[in-house]
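Colleague: Following this line is structure.cif, made up of mmCIF, C-alpha atoms:
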```
data_query
#
loop_
_atom_site.label_atom_id
_atom_site.label_comp_id
_atom_site.auth_asym_id
_atom_site.auth_seq_id
_atom_site.Cartn_x
_atom_site.Cartn_y
_atom_site.Cartn_z
CA MET A 1 23.89 -23.00 30.20
CA GLN A 2 25.76 -25.57 32.28
CA THR A 3 27.05 -27.43 29.23
CA THR A 4 28.11 -26.94 25.64
CA ASP A 5 27.56 -30.64 24.89
CA PRO A 6 25.74 -30.44 21.52
CA ALA A 7 23.48 -33.31 22.52
CA ARG A 8 22.15 -31.27 25.43
CA VAL A 9 21.84 -27.86 23.78
CA LEU A 10 18.19 -28.11 22.69
CA ALA A 11 16.98 -29.57 26.00
CA ASP A 12 18.94 -26.94 27.95
CA LEU A 13 17.55 -24.17 25.78
CA HIS A 14 14.00 -25.42 26.33
CA GLN A 15 14.59 -25.38 30.11
CA ARG A 16 16.06 -21.88 29.91
CA LEU A 17 13.02 -20.66 27.96
CA LEU A 18 10.70 -22.11 30.62
CA ASP A 19 12.70 -20.31 33.32
CA ARG A 20 12.68 -16.98 31.51
CA ARG A 21 9.09 -17.07 30.32
CA HIS A 22 7.87 -15.07 33.28
CA ALA A 23 11.03 -13.02 33.86
CA ASP A 24 11.11 -9.20 33.72
CA PRO A 25 10.43 -8.17 30.08
CA ALA A 26 12.68 -5.16 30.58
CA ARG A 27 15.66 -7.44 31.19
CA SER A 28 15.00 -10.51 29.06
CA TYR A 29 14.49 -10.71 25.28
CA VAL A 30 12.67 -14.02 25.75
CA ALA A 31 10.28 -12.63 28.39
CA ARG A 32 9.63 -9.69 26.06
CA LEU A 33 8.71 -12.04 23.20
CA TYR A 34 6.32 -14.00 25.41
CA GLN A 35 4.77 -10.78 26.67
CA GLN A 36 4.19 -9.56 23.09
CA GLY A 37 2.30 -12.79 22.40
CA GLU A 38 2.14 -15.62 19.89
CA ASP A 39 1.73 -13.51 16.72
CA LYS A 40 4.97 -11.65 17.49
CA ILE A 41 6.77 -14.98 18.00
CA LEU A 42 5.38 -16.43 14.75
CA GLN A 43 6.37 -13.24 12.93
CA LYS A 44 9.94 -13.81 14.13
CA VAL A 45 9.85 -17.46 12.93
CA GLY A 46 8.77 -16.22 9.50
CA GLU A 47 11.34 -13.41 9.38
CA GLU A 48 14.20 -15.71 10.37
CA ALA A 49 13.14 -18.22 7.68
CA ILE A 50 13.40 -15.45 5.04
CA GLU A 51 16.79 -14.35 6.40
CA THR A 52 17.97 -17.98 6.32
CA ILE A 53 16.96 -18.29 2.66
CA LEU A 54 18.72 -15.02 1.78
CA ALA A 55 21.84 -16.12 3.71
CA ALA A 56 21.91 -19.39 1.73
CA LYS A 57 21.69 -17.44 -1.55
CA SER A 58 24.53 -15.17 -0.40
CA GLY A 59 26.79 -18.23 -0.19
CA GLN A 60 28.30 -17.05 3.12
CA ALA A 61 28.53 -20.10 5.40
CA ASP A 62 28.91 -18.10 8.63
CA ALA A 63 25.77 -16.06 7.89
CA LEU A 64 23.87 -19.26 7.11
CA VAL A 65 24.91 -20.85 10.43
CA TYR A 66 23.90 -17.68 12.27
CA GLU A 67 20.49 -17.30 10.61
CA THR A 68 19.59 -21.00 10.89
CA ALA A 69 20.42 -20.85 14.62
CA ASP A 70 18.15 -17.79 14.87
CA LEU A 71 15.36 -19.68 13.09
CA TRP A 72 15.64 -22.74 15.33
CA PHE A 73 15.85 -20.53 18.43
CA HIS A 74 12.56 -18.81 17.61
CA CYS A 75 11.03 -22.22 16.77
CA LEU A 76 11.95 -23.33 20.30
CA VAL A 77 10.33 -20.19 21.75
CA MET A 78 7.17 -21.06 19.76
CA LEU A 79 7.24 -24.73 20.81
CA THR A 80 7.72 -23.85 24.48
CA LEU A 81 4.65 -21.59 24.29
CA HIS A 82 2.71 -24.69 23.14
CA ASP A 83 4.26 -26.94 25.82
CA ILE A 84 6.11 -28.95 23.17
CA THR A 85 9.66 -30.13 23.91
CA PRO A 86 12.53 -30.33 21.40
CA GLU A 87 12.61 -34.09 22.07
CA GLN A 88 9.18 -34.37 20.45
CA ILE A 89 10.56 -32.79 17.25
CA LEU A 90 13.63 -35.06 17.30
CA SER A 91 11.45 -38.15 17.85
CA GLU A 92 9.26 -37.16 14.89
CA LEU A 93 12.38 -36.71 12.75
CA ALA A 94 13.70 -40.14 13.83
CA ARG A 95 10.33 -41.84 13.30
CA ARG A 96 9.90 -40.51 9.80
CA PHE A 97 13.41 -41.32 8.74
CA GLU A 98 13.21 -44.92 9.90
CA GLN A 99 10.28 -45.39 7.56
CA GLY A 100 11.96 -43.65 4.62
CA MET B 1 18.79 -44.84 11.36
CA GLN B 2 20.64 -47.06 13.83
CA THR B 3 19.34 -45.20 16.86
CA THR B 4 16.36 -43.27 18.12
CA ASP B 5 18.48 -41.60 20.80
CA PRO B 6 17.27 -37.97 20.53
CA ALA B 7 20.79 -36.74 21.09
CA ARG B 8 21.98 -38.52 17.94
CA VAL B 9 19.05 -37.81 15.64
CA LEU B 10 20.42 -34.66 13.99
CA ALA B 11 23.90 -36.11 13.44
CA ASP B 12 22.43 -39.36 12.07
CA LEU B 13 20.13 -37.42 9.75
CA HIS B 14 23.05 -35.37 8.43
CA GLN B 15 24.97 -38.61 7.70
CA ARG B 16 21.93 -40.09 5.98
CA LEU B 17 21.57 -36.96 3.80
CA LEU B 18 25.23 -37.22 2.78
CA ASP B 19 24.68 -40.90 1.86
CA ARG B 20 21.55 -40.20 -0.19
CA ARG B 21 22.76 -37.04 -1.88
CA HIS B 22 23.89 -38.94 -4.96
CA ALA B 23 21.33 -41.76 -4.79
CA ASP B 24 18.83 -42.48 -7.58
CA PRO B 25 16.37 -39.53 -7.74
CA ALA B 26 13.63 -41.93 -8.83
CA ARG B 27 13.89 -43.76 -5.51
CA SER B 28 14.87 -41.10 -2.99
CA TYR B 29 13.04 -37.88 -2.08
CA VAL B 30 16.30 -36.43 -0.79
CA ALA B 31 18.22 -37.25 -4.00
CA ARG B 32 15.36 -35.68 -5.96
CA LEU B 33 15.59 -32.47 -3.91
CA TYR B 34 19.36 -32.24 -4.47
CA GLN B 35 18.88 -32.89 -8.18
CA GLN B 36 16.31 -30.08 -8.43
CA GLY B 37 18.86 -27.71 -6.93
CA GLU B 38 19.22 -25.13 -4.19
CA ASP B 39 16.25 -22.92 -5.12
CA LYS B 40 13.88 -25.89 -4.82
CA ILE B 41 15.33 -26.72 -1.39
CA LEU B 42 15.03 -23.09 -0.20
CA GLN B 43 11.47 -22.98 -1.52
CA LYS B 44 10.70 -26.00 0.69
CA VAL B 45 12.31 -24.29 3.72
CA GLY B 46 10.06 -21.27 3.12
CA GLU B 47 6.91 -23.36 2.55
CA GLU B 48 7.46 -25.41 5.69
CA ALA B 49 7.98 -22.21 7.72
CA ILE B 50 4.58 -20.94 6.52
CA GLU B 51 2.94 -24.30 7.32
CA THR B 52 4.55 -24.24 10.78
CA ILE B 53 3.10 -20.78 11.44
CA LEU B 54 -0.38 -21.88 10.27
CA ALA B 55 -0.15 -25.06 12.40
CA ALA B 56 0.69 -22.93 15.46
CA LYS B 57 -2.34 -20.72 14.78
CA SER B 58 -4.55 -23.84 14.45
CA GLY B 59 -3.68 -24.76 18.03
CA GLN B 60 -3.23 -28.43 17.11
CA ALA B 61 -0.10 -29.68 18.89
CA ASP B 62 0.38 -32.76 16.70
CA ALA B 63 0.28 -30.67 13.51
CA LEU B 64 2.79 -28.25 15.03
CA VAL B 65 5.20 -31.08 15.91
CA TYR B 66 4.85 -32.49 12.39
CA GLU B 67 5.37 -29.20 10.56
CA THR B 68 8.30 -28.09 12.74
CA ALA B 69 9.98 -31.46 12.07
CA ASP B 70 9.40 -30.86 8.34
CA LEU B 71 10.95 -27.38 8.62
CA TRP B 72 14.03 -28.62 10.48
CA PHE B 73 14.39 -31.55 8.05
CA HIS B 74 14.52 -29.24 5.04
CA CYS B 75 16.93 -26.94 6.95
CA LEU B 76 19.24 -29.98 7.34
CA VAL B 77 18.95 -30.70 3.59
CA MET B 78 19.95 -27.05 2.94
CA LEU B 79 22.82 -27.12 5.47
CA THR B 80 24.19 -30.39 4.05
CA LEU B 81 24.26 -28.79 0.58
CA HIS B 82 26.48 -26.09 2.11
CA ASP B 83 28.69 -28.60 3.98
CA ILE B 84 27.42 -27.34 7.33
CA THR B 85 26.79 -29.86 10.12
CA PRO B 86 23.93 -29.72 12.66
CA GLU B 87 26.63 -29.51 15.37
CA GLN B 88 27.60 -26.09 14.00
CA ILE B 89 24.03 -24.85 14.52
CA LEU B 90 23.89 -26.32 18.04
CA SER B 91 27.25 -24.73 18.92
CA GLU B 92 26.02 -21.35 17.70
CA LEU B 93 22.85 -21.75 19.82
CA ALA B 94 24.96 -22.69 22.88
CA ARG B 95 27.44 -19.84 22.32
CA ARG B 96 24.75 -17.22 22.04
CA PHE B 97 22.81 -18.41 25.04
CA GLU B 98 25.86 -18.41 27.28
CA GLN B 99 26.28 -14.73 26.58
CA GLY B 100 22.60 -13.88 27.04
CA MET C 1 -12.24 -10.69 -18.77
CA GLN C 2 -13.93 -8.11 -21.01
CA THR C 3 -10.95 -5.79 -21.00
CA THR C 4 -7.19 -5.79 -20.79
CA ASP C 5 -7.14 -2.16 -19.69
CA PRO C 6 -4.55 -2.25 -16.88
CA ALA C 7 -6.61 0.14 -14.83
CA ARG C 8 -9.48 -2.34 -14.73
CA VAL C 9 -7.56 -5.57 -14.23
CA LEU C 10 -7.72 -5.71 -10.43
CA ALA C 11 -11.42 -4.78 -10.26
CA ASP C 12 -12.25 -7.29 -13.00
CA LEU C 13 -10.28 -10.00 -11.25
CA HIS C 14 -12.11 -9.32 -7.99
CA GLN C 15 -15.46 -9.66 -9.81
CA ARG C 16 -14.32 -12.88 -11.46
CA LEU C 17 -13.27 -14.30 -8.08
CA LEU C 18 -16.71 -13.46 -6.65
CA ASP C 19 -18.35 -15.24 -9.62
CA ARG C 20 -16.19 -18.35 -9.31
CA ARG C 21 -16.23 -18.63 -5.54
CA HIS C 22 -19.11 -21.07 -5.58
CA ALA C 23 -18.36 -22.70 -8.96
CA ASP C 24 -17.66 -26.43 -9.37
CA PRO C 25 -14.32 -27.17 -7.62
CA ALA C 26 -13.63 -29.89 -10.20
CA ARG C 27 -13.56 -27.27 -12.96
CA SER C 28 -12.22 -24.11 -11.32
CA TYR C 29 -8.89 -23.62 -9.55
CA VAL C 30 -10.39 -20.67 -7.68
CA ALA C 31 -13.41 -22.65 -6.49
CA ARG C 32 -11.02 -25.41 -5.37
CA LEU C 33 -8.97 -22.93 -3.33
CA TYR C 34 -12.07 -21.56 -1.62
CA GLN C 35 -13.29 -25.09 -0.92
CA GLN C 36 -9.96 -26.01 0.69
CA GLY C 37 -10.36 -23.05 3.02
CA GLU C 38 -8.46 -20.03 4.30
CA ASP C 39 -5.34 -21.84 5.52
CA LYS C 40 -4.75 -23.28 2.05
CA ILE C 41 -5.12 -19.81 0.52
CA LEU C 42 -2.74 -18.25 3.06
CA GLN C 43 -0.27 -21.07 2.43
CA LYS C 44 -0.33 -20.12 -1.27
CA VAL C 45 0.25 -16.42 -0.41
CA GLY C 46 3.30 -17.45 1.62
CA GLU C 47 4.63 -19.84 -1.03
CA GLU C 48 4.29 -17.28 -3.81
CA ALA C 49 6.11 -14.68 -1.67
CA ILE C 50 9.05 -17.11 -1.30
CA GLU C 51 9.02 -17.85 -5.05
CA THR C 52 8.96 -14.10 -5.77
CA ILE C 53 12.03 -13.59 -3.56
CA LEU C 54 13.88 -16.47 -5.26
CA ALA C 55 12.91 -15.13 -8.71
CA ALA C 56 14.31 -11.70 -7.78
CA LYS C 57 17.59 -13.33 -6.68
CA SER C 58 17.74 -15.27 -9.97
CA GLY C 59 17.85 -11.96 -11.84
CA GLN C 60 15.39 -13.22 -14.48
CA ALA C 61 12.89 -10.43 -15.16
CA ASP C 62 10.27 -12.65 -16.79
CA ALA C 63 10.25 -15.04 -13.81
CA LEU C 64 9.93 -12.08 -11.44
CA VAL C 65 6.92 -10.69 -13.35
CA TYR C 66 5.31 -14.15 -13.35
CA GLU C 67 5.83 -14.84 -9.64
CA THR C 68 4.77 -11.34 -8.51
CA ALA C 69 1.56 -11.76 -10.56
CA ASP C 70 1.02 -15.11 -8.81
CA LEU C 71 1.55 -13.47 -5.41
CA TRP C 72 -0.89 -10.64 -6.12
CA PHE C 73 -3.43 -13.09 -7.56
CA HIS C 74 -3.47 -15.16 -4.38
CA CYS C 75 -3.64 -11.95 -2.32
CA LEU C 76 -6.82 -11.07 -4.26
CA VAL C 77 -8.24 -14.55 -3.54
CA MET C 78 -7.52 -13.93 0.17
CA LEU C 79 -8.98 -10.41 0.13
CA THR C 80 -12.16 -11.57 -1.63
CA LEU C 81 -12.63 -14.21 1.08
CA HIS C 82 -12.60 -11.32 3.59
CA ASP C 83 -14.94 -9.14 1.48
CA ILE C 84 -12.15 -6.65 0.83
CA THR C 85 -11.89 -5.04 -2.63
CA PRO C 86 -8.65 -4.21 -4.46
CA GLU C 87 -9.78 -0.56 -4.39
CA GLN C 88 -9.39 -0.62 -0.60
CA ILE C 89 -5.73 -1.65 -0.99
CA LEU C 90 -5.11 1.01 -3.64
CA SER C 91 -6.75 3.69 -1.46
CA GLU C 92 -4.55 2.69 1.47
CA LEU C 93 -1.47 2.92 -0.78
CA ALA C 94 -2.57 6.36 -2.03
CA ARG C 95 -3.38 7.60 1.48
CA ARG C 96 -0.05 6.58 2.90
CA PHE C 97 1.97 7.98 0.06
CA GLU C 98 0.28 11.37 0.23
CA GLN C 99 1.47 11.69 3.80
CA GLY C 100 4.99 10.45 3.06
CA MET D 1 0.66 11.97 -5.44
CA GLN D 2 -1.38 14.20 -7.73
CA THR D 3 -4.35 11.86 -7.76
CA THR D 4 -6.22 9.37 -5.62
CA ASP D 5 -7.79 7.77 -8.69
CA PRO D 6 -7.40 4.06 -7.88
CA ALA D 7 -6.58 3.29 -11.48
CA ARG D 8 -3.55 5.55 -11.32
CA VAL D 9 -2.22 4.65 -7.89
CA LEU D 10 0.21 1.91 -8.94
CA ALA D 11 1.64 3.88 -11.86
CA ASP D 12 2.00 7.00 -9.70
CA LEU D 13 3.70 5.00 -6.97
CA HIS D 14 6.15 3.54 -9.47
CA GLN D 15 7.01 7.07 -10.69
CA ARG D 16 7.43 8.25 -7.10
CA LEU D 17 9.80 5.34 -6.37
CA LEU D 18 11.89 6.23 -9.43
CA ASP D 19 12.08 9.86 -8.25
CA ARG D 20 13.08 8.93 -4.70
CA ARG D 21 15.50 6.16 -5.58
CA HIS D 22 18.49 8.48 -5.43
CA ALA D 23 17.13 10.90 -2.81
CA ASP D 24 18.84 11.54 0.53
CA PRO D 25 18.61 8.29 2.58
CA ALA D 26 18.44 10.38 5.75
CA ARG D 27 15.15 11.90 4.60
CA SER D 28 13.45 9.17 2.57
CA TYR D 29 12.47 5.65 3.67
CA VAL D 30 12.51 4.55 0.04
CA ALA D 31 16.00 5.93 -0.62
CA ARG D 32 17.15 4.18 2.56
CA LEU D 33 15.76 0.84 1.34
CA TYR D 34 17.52 1.21 -2.02
CA GLN D 35 20.76 2.15 -0.28
CA GLN D 36 20.56 -0.96 1.93
CA GLY D 37 20.30 -3.07 -1.20
CA GLU D 38 18.20 -5.84 -2.72
CA ASP D 39 18.44 -8.34 0.15
CA LYS D 40 16.99 -5.77 2.57
CA ILE D 41 14.12 -5.09 0.15
CA LEU D 42 13.42 -8.83 -0.33
CA GLN D 43 13.54 -9.31 3.45
CA LYS D 44 10.80 -6.67 3.73
CA VAL D 45 8.69 -8.43 1.03
CA GLY D 46 8.97 -11.66 3.05
CA GLU D 47 8.21 -9.98 6.39
CA GLU D 48 5.14 -8.21 5.03
CA ALA D 49 3.86 -11.49 3.54
CA ILE D 50 4.07 -13.09 7.01
CA GLU D 51 2.34 -10.09 8.62
CA THR D 52 -0.39 -10.28 5.95
CA ILE D 53 -0.98 -13.96 6.75
CA LEU D 54 -1.15 -13.25 10.50
CA ALA D 55 -3.52 -10.31 9.90
CA ALA D 56 -5.83 -12.59 7.87
CA LYS D 57 -5.84 -15.13 10.72
CA SER D 58 -6.64 -12.34 13.21
CA GLY D 59 -9.86 -11.66 11.30
CA GLN D 60 -9.36 -7.88 11.55
CA ALA D 61 -10.23 -6.38 8.15
CA ASP D 62 -8.46 -3.06 8.76
CA ALA D 63 -5.21 -4.82 9.69
CA LEU D 64 -5.48 -7.01 6.59
CA VAL D 65 -5.94 -3.97 4.31
CA TYR D 66 -2.97 -2.27 5.97
CA GLU D 67 -0.61 -5.27 5.75
CA THR D 68 -1.57 -6.16 2.17
CA ALA D 69 -0.87 -2.54 1.16
CA ASP D 70 2.52 -2.83 2.89
CA LEU D 71 3.24 -6.07 0.99
CA TRP D 72 2.31 -4.59 -2.40
CA PHE D 73 4.28 -1.41 -1.63
CA HIS D 74 7.47 -3.37 -0.97
CA CYS D 75 6.78 -5.48 -4.09
CA LEU D 76 6.71 -2.22 -6.09
CA VAL D 77 10.04 -1.17 -4.50
CA MET D 78 11.47 -4.55 -5.58
CA LEU D 79 10.02 -4.32 -9.10
CA THR D 80 11.33 -0.78 -9.60
CA LEU D 81 14.83 -1.99 -8.66
CA HIS D 82 14.50 -4.49 -11.53
CA ASP D 83 13.10 -1.87 -13.98
CA ILE D 84 9.72 -3.64 -14.02
CA THR D 85 6.54 -1.52 -14.10
CA PRO D 86 3.28 -2.33 -12.29
CA GLU D 87 1.63 -2.42 -15.75
CA GLN D 88 3.70 -5.51 -16.54
CA ILE D 89 2.24 -7.29 -13.51
CA LEU D 90 -1.30 -6.20 -14.38
CA SER D 91 -0.84 -7.37 -18.00
CA GLU D 92 0.38 -10.76 -16.79
CA LEU D 93 -2.67 -11.03 -14.48
CA ALA D 94 -5.00 -10.11 -17.38
CA ARG D 95 -3.27 -12.52 -19.80
CA ARG D 96 -3.50 -15.48 -17.45
CA PHE D 97 -7.09 -14.87 -16.52
CA GLU D 98 -8.22 -14.64 -20.12
CA GLN D 99 -6.89 -18.13 -20.65
CA GLY D 100 -8.42 -19.52 -17.43
#
```
Please express the file's structure as structure tokens.
Modeller:
Amino acid sequence: MQTTDPARVLADLHQRLLDRRHADPARSYVARLYQQGEDKILQKVGEEAIETILAAKSGQADALVYETADLWFHCLVMLTLHDITPEQILSELARRFEQG
Amino acid sequence: MQTTDPARVLADLHQRLLDRRHADPARSYVARLYQQGEDKILQKVGEEAIETILAAKSGQADALVYETADLWFHCLVMLTLHDITPEQILSELARRFEQG
Amino acid sequence: MQTTDPARVLADLHQRLLDRRHADPARSYVARLYQQGEDKILQKVGEEAIETILAAKSGQADALVYETADLWFHCLVMLTLHDITPEQILSELARRFEQG
Amino acid sequence: MQTTDPARVLADLHQRLLDRRHADPARSYVARLYQQGEDKILQKVGEEAIETILAAKSGQADALVYETADLWFHCLVMLTLHDITPEQILSELARRFEQG
């Protein structure tokens, strides 16, 4: 990634996922996920949600940061498969919160 | 929220959650969640993950955007309870991707 | 149910679900679930799994019994929708364990 | 297992889990799960619930039987850790359904 600017992380990650989507599955975890197909990706989203919940119950902040990042990462892999950008999620979050 | 700048949405949401944490539960969904306690919040994280997976399987992009936003929103509620900022999640995502 | 014999509970429940599947949704929770469709039923399976996990972490045995029963109940609703009997699940459990 | 009688499968499995709980983790999957601790077991319950949901969406009956059996198996591992018998779950299912 060219930047560690937090504001750019999600957009950069989305671009990286697009680049790696058709890379060599033997060399790239992301390419391997896409090759295994949507059900494998959704399984990872579900697993990381469970691990996030268990990390929260453990009360260990570093584990919770790690597992939430894992959950959001696999959400981005899922969204990219559906041609949805992280900006669309952020816009939905902003829209809803303005109302509330 | 003062801005719809995507780059600021997560930080603004975190601030808003801090503000509402001790608001009147009768008037604020967020205050109600905090009053019900961590298990209720984690239950919502789990439920929204399941709904996200089912939305992906439905193939409806708008439902997937909506449910993923719901999932991330409840993750932010959980993180705020643990005094973790969205920037910490974004930094972890950036850190990991630089290595990979 | 005519019997509380544990050995018959799952088979009786399956029969009851078949009977209620086309009952009046206004009067029967089961009929309502079937009317709402498979995604609603799968959502309940996922939600009850999360509640089971949180009950286990709470260390309260009565809550864990209650939530596991809820999880299995909604699994039976799901299986009945797919014309699968509880005996098929028990046979699979027996088959696998004989090997192991 | 001495029997494939469906009515006995859950009770036999519970006994088998009690026997293996303190077996050599190098030789027994069950002993390995117990050695890894409750969070690992709950993680498996969550993962198998997700796989069950995805199997239902796939419409493949054999996969759904297999994944539901996996889910119930890991529920039994969890229950045994909490000194809860499968009969307690079946009694709760019978009790609730008599009322409904």
Colleague: Once the PyMOL selection byres ((chain A and resi 59-62) around 12) is applied to the coordinates I shared, what remains selected? I want it as an mmCIF file with C-alpha atoms, in the frame of the given file.
Modeller:
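Output file expr-v6.cif is given in full below:
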```cif
data_model
loop_
_atom_site.group_PDB
_atom_site.id
_atom_site.type_symbol
_atom_site.label_atom_id
_atom_site.label_comp_id
_atom_site.auth_asym_id
_atom_site.auth_seq_id
_atom_site.Cartn_x
_atom_site.Cartn_y
_atom_site.Cartn_z
ATOM 1 C CA THR A 52 17.970 -17.980 6.320
ATOM 2 C CA ILE A 53 16.960 -18.290 2.660
ATOM 3 C CA LEU A 54 18.720 -15.020 1.780
ATOM 4 C CA ALA A 55 21.840 -16.120 3.710
ATOM 5 C CA ALA A 56 21.910 -19.390 1.730
ATOM 6 C CA LYS A 57 21.690 -17.440 -1.550
ATOM 7 C CA SER A 58 24.530 -15.170 -0.400
ATOM 8 C CA ALA A 63 25.770 -16.060 7.890
ATOM 9 C CA LEU A 64 23.870 -19.260 7.110
ATOM 10 C CA VAL A 65 24.910 -20.850 10.430
ATOM 11 C CA TYR A 66 23.900 -17.680 12.270
ATOM 12 C CA GLU A 67 20.490 -17.300 10.610
ATOM 13 C CA THR A 68 19.590 -21.000 10.890
ATOM 14 C CA ALA A 69 20.420 -20.850 14.620
ATOM 15 C CA GLU B 38 19.220 -25.130 -4.190
ATOM 16 C CA MET B 78 19.950 -27.050 2.940
ATOM 17 C CA LEU B 79 22.820 -27.120 5.470
ATOM 18 C CA THR B 80 24.190 -30.390 4.050
ATOM 19 C CA LEU B 81 24.260 -28.790 0.580
ATOM 20 C CA HIS B 82 26.480 -26.090 2.110
ATOM 21 C CA ASP B 83 28.690 -28.600 3.980
ATOM 22 C CA ILE B 84 27.420 -27.340 7.330
ATOM 23 C CA THR B 85 26.790 -29.860 10.120
ATOM 24 C CA GLN B 88 27.600 -26.090 14.000
ATOM 25 C CA ILE B 89 24.030 -24.850 14.520
ATOM 26 C CA GLU B 92 26.020 -21.350 17.700
#
```
Colleague: Mind running chain D against chain A at 8 Å and telling me each contacting residue's nearest atom pair with the distance in Å (one decimal), counting all atoms listed in the file, chain and number ascending, as JSON lines?
Modeller:
```
{"residue": "D:Asp39", "atom": "CA", "partner": "A:Leu54", "partner_atom": "CA", "distance": 6.9}
{"residue": "D:Gln43", "atom": "CA", "partner": "A:Ile50", "partner_atom": "CA", "distance": 6.3}
{"residue": "D:Gly46", "atom": "CA", "partner": "A:Ile50", "partner_atom": "CA", "distance": 6.2}
{"residue": "D:Glu47", "atom": "CA", "partner": "A:Glu47", "partner_atom": "CA", "distance": 5.5}
{"residue": "D:Ile50", "atom": "CA", "partner": "A:Gly46", "partner_atom": "CA", "distance": 6.2}
{"residue": "D:Glu51", "atom": "CA", "partner": "A:Gln43", "partner_atom": "CA", "distance": 6.7}
{"residue": "D:Leu54", "atom": "CA", "partner": "A:Asp39", "partner_atom": "CA", "distance": 6.9}
```
Colleague: May I have chain C as a compact mmCIF listing (two decimals) with C-alpha atoms, in the coordinates of the input, after a least-squares superposition on chain A that uses all C-alpha atoms paired in order?
Modeller:
```txt
# COMPACT_ATOMS: atom_id res chain seq x y z
CA MET C 1 23.88 -23.01 30.20
CA GLN C 2 25.80 -25.56 32.27
CA THR C 3 27.07 -27.43 29.25
CA THR C 4 28.07 -26.92 25.65
CA ASP C 5 27.57 -30.60 24.88
CA PRO C 6 25.75 -30.43 21.52
CA ALA C 7 23.51 -33.28 22.53
CA ARG C 8 22.15 -31.25 25.43
CA VAL C 9 21.84 -27.85 23.79
CA LEU C 10 18.21 -28.12 22.68
CA ALA C 11 17.00 -29.57 26.00
CA ASP C 12 18.95 -26.94 27.94
CA LEU C 13 17.55 -24.17 25.78
CA HIS C 14 14.01 -25.43 26.34
CA GLN C 15 14.60 -25.38 30.12
CA ARG C 16 16.05 -21.88 29.92
CA LEU C 17 13.02 -20.68 27.95
CA LEU C 18 10.70 -22.13 30.62
CA ASP C 19 12.71 -20.31 33.32
CA ARG C 20 12.67 -16.98 31.50
CA ARG C 21 9.08 -17.09 30.31
CA HIS C 22 7.85 -15.08 33.27
CA ALA C 23 11.03 -13.03 33.86
CA ASP C 24 11.11 -9.22 33.71
CA PRO C 25 10.43 -8.20 30.07
CA ALA C 26 12.68 -5.16 30.55
CA ARG C 27 15.66 -7.45 31.15
CA SER C 28 15.00 -10.54 29.03
CA TYR C 29 14.47 -10.73 25.27
CA VAL C 30 12.66 -14.04 25.76
CA ALA C 31 10.30 -12.63 28.39
CA ARG C 32 9.62 -9.69 26.05
CA LEU C 33 8.72 -12.05 23.20
CA TYR C 34 6.32 -14.01 25.39
CA GLN C 35 4.77 -10.78 26.66
CA GLN C 36 4.20 -9.56 23.09
CA GLY C 37 2.31 -12.77 22.39
CA GLU C 38 2.14 -15.61 19.88
CA ASP C 39 1.73 -13.51 16.73
CA LYS C 40 4.97 -11.66 17.48
CA ILE C 41 6.78 -14.97 17.99
CA LEU C 42 5.38 -16.43 14.76
CA GLN C 43 6.36 -13.24 12.93
CA LYS C 44 9.94 -13.81 14.13
CA VAL C 45 9.84 -17.46 12.93
CA GLY C 46 8.77 -16.22 9.50
CA GLU C 47 11.34 -13.41 9.37
CA GLU C 48 14.19 -15.70 10.37
CA ALA C 49 13.14 -18.22 7.69
CA ILE C 50 13.38 -15.45 5.05
CA GLU C 51 16.78 -14.35 6.40
CA THR C 52 17.97 -17.98 6.33
CA ILE C 53 16.95 -18.27 2.66
CA LEU C 54 18.73 -15.00 1.78
CA ALA C 55 21.84 -16.11 3.71
CA ALA C 56 21.90 -19.39 1.74
CA LYS C 57 21.69 -17.43 -1.54
CA SER C 58 24.54 -15.17 -0.38
CA GLY C 59 26.80 -18.22 -0.19
CA GLN C 60 28.31 -17.06 3.12
CA ALA C 61 28.54 -20.09 5.41
CA ASP C 62 28.92 -18.11 8.63
CA ALA C 63 25.78 -16.06 7.90
CA LEU C 64 23.88 -19.26 7.11
CA VAL C 65 24.91 -20.86 10.43
CA TYR C 66 23.90 -17.68 12.28
CA GLU C 67 20.49 -17.30 10.63
CA THR C 68 19.59 -21.01 10.89
CA ALA C 69 20.43 -20.84 14.63
CA ASP C 70 18.14 -17.79 14.88
CA LEU C 71 15.36 -19.68 13.09
CA TRP C 72 15.65 -22.74 15.33
CA PHE C 73 15.84 -20.54 18.44
CA HIS C 74 12.55 -18.82 17.62
CA CYS C 75 11.02 -22.22 16.77
CA LEU C 76 11.95 -23.34 20.31
CA VAL C 77 10.33 -20.18 21.75
CA MET C 78 7.17 -21.07 19.77
CA LEU C 79 7.24 -24.73 20.80
CA THR C 80 7.71 -23.86 24.49
CA LEU C 81 4.65 -21.60 24.28
CA HIS C 82 2.72 -24.70 23.13
CA ASP C 83 4.26 -26.96 25.81
CA ILE C 84 6.11 -28.95 23.16
CA THR C 85 9.66 -30.15 23.92
CA PRO C 86 12.53 -30.33 21.41
CA GLU C 87 12.62 -34.09 22.08
CA GLN C 88 9.18 -34.36 20.45
CA ILE C 89 10.57 -32.79 17.26
CA LEU C 90 13.63 -35.06 17.30
CA SER C 91 11.44 -38.15 17.84
CA GLU C 92 9.25 -37.15 14.90
CA LEU C 93 12.38 -36.71 12.74
CA ALA C 94 13.69 -40.13 13.84
CA ARG C 95 10.31 -41.82 13.31
CA ARG C 96 9.90 -40.49 9.81
CA PHE C 97 13.40 -41.30 8.73
CA GLU C 98 13.19 -44.89 9.92
CA GLN C 99 10.27 -45.40 7.58
CA GLY C 100 11.91 -43.61 4.65
```
Colleague: Quick check, in Å to one decimal: how far apart do atom CA of A:Leu17 and atom CA of A:Leu90 lie?
Modeller: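 So the answer is 17.9 Å.
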Colleague: For a test of reading the model, state the distance in Å between atom CA of D:Tyr34 and atom CA of D:Phe73, rounded to one decimal.
Modeller: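 Separation between atom CA of D:Tyr34 and atom CA of D:Phe73: 13.5 Å.
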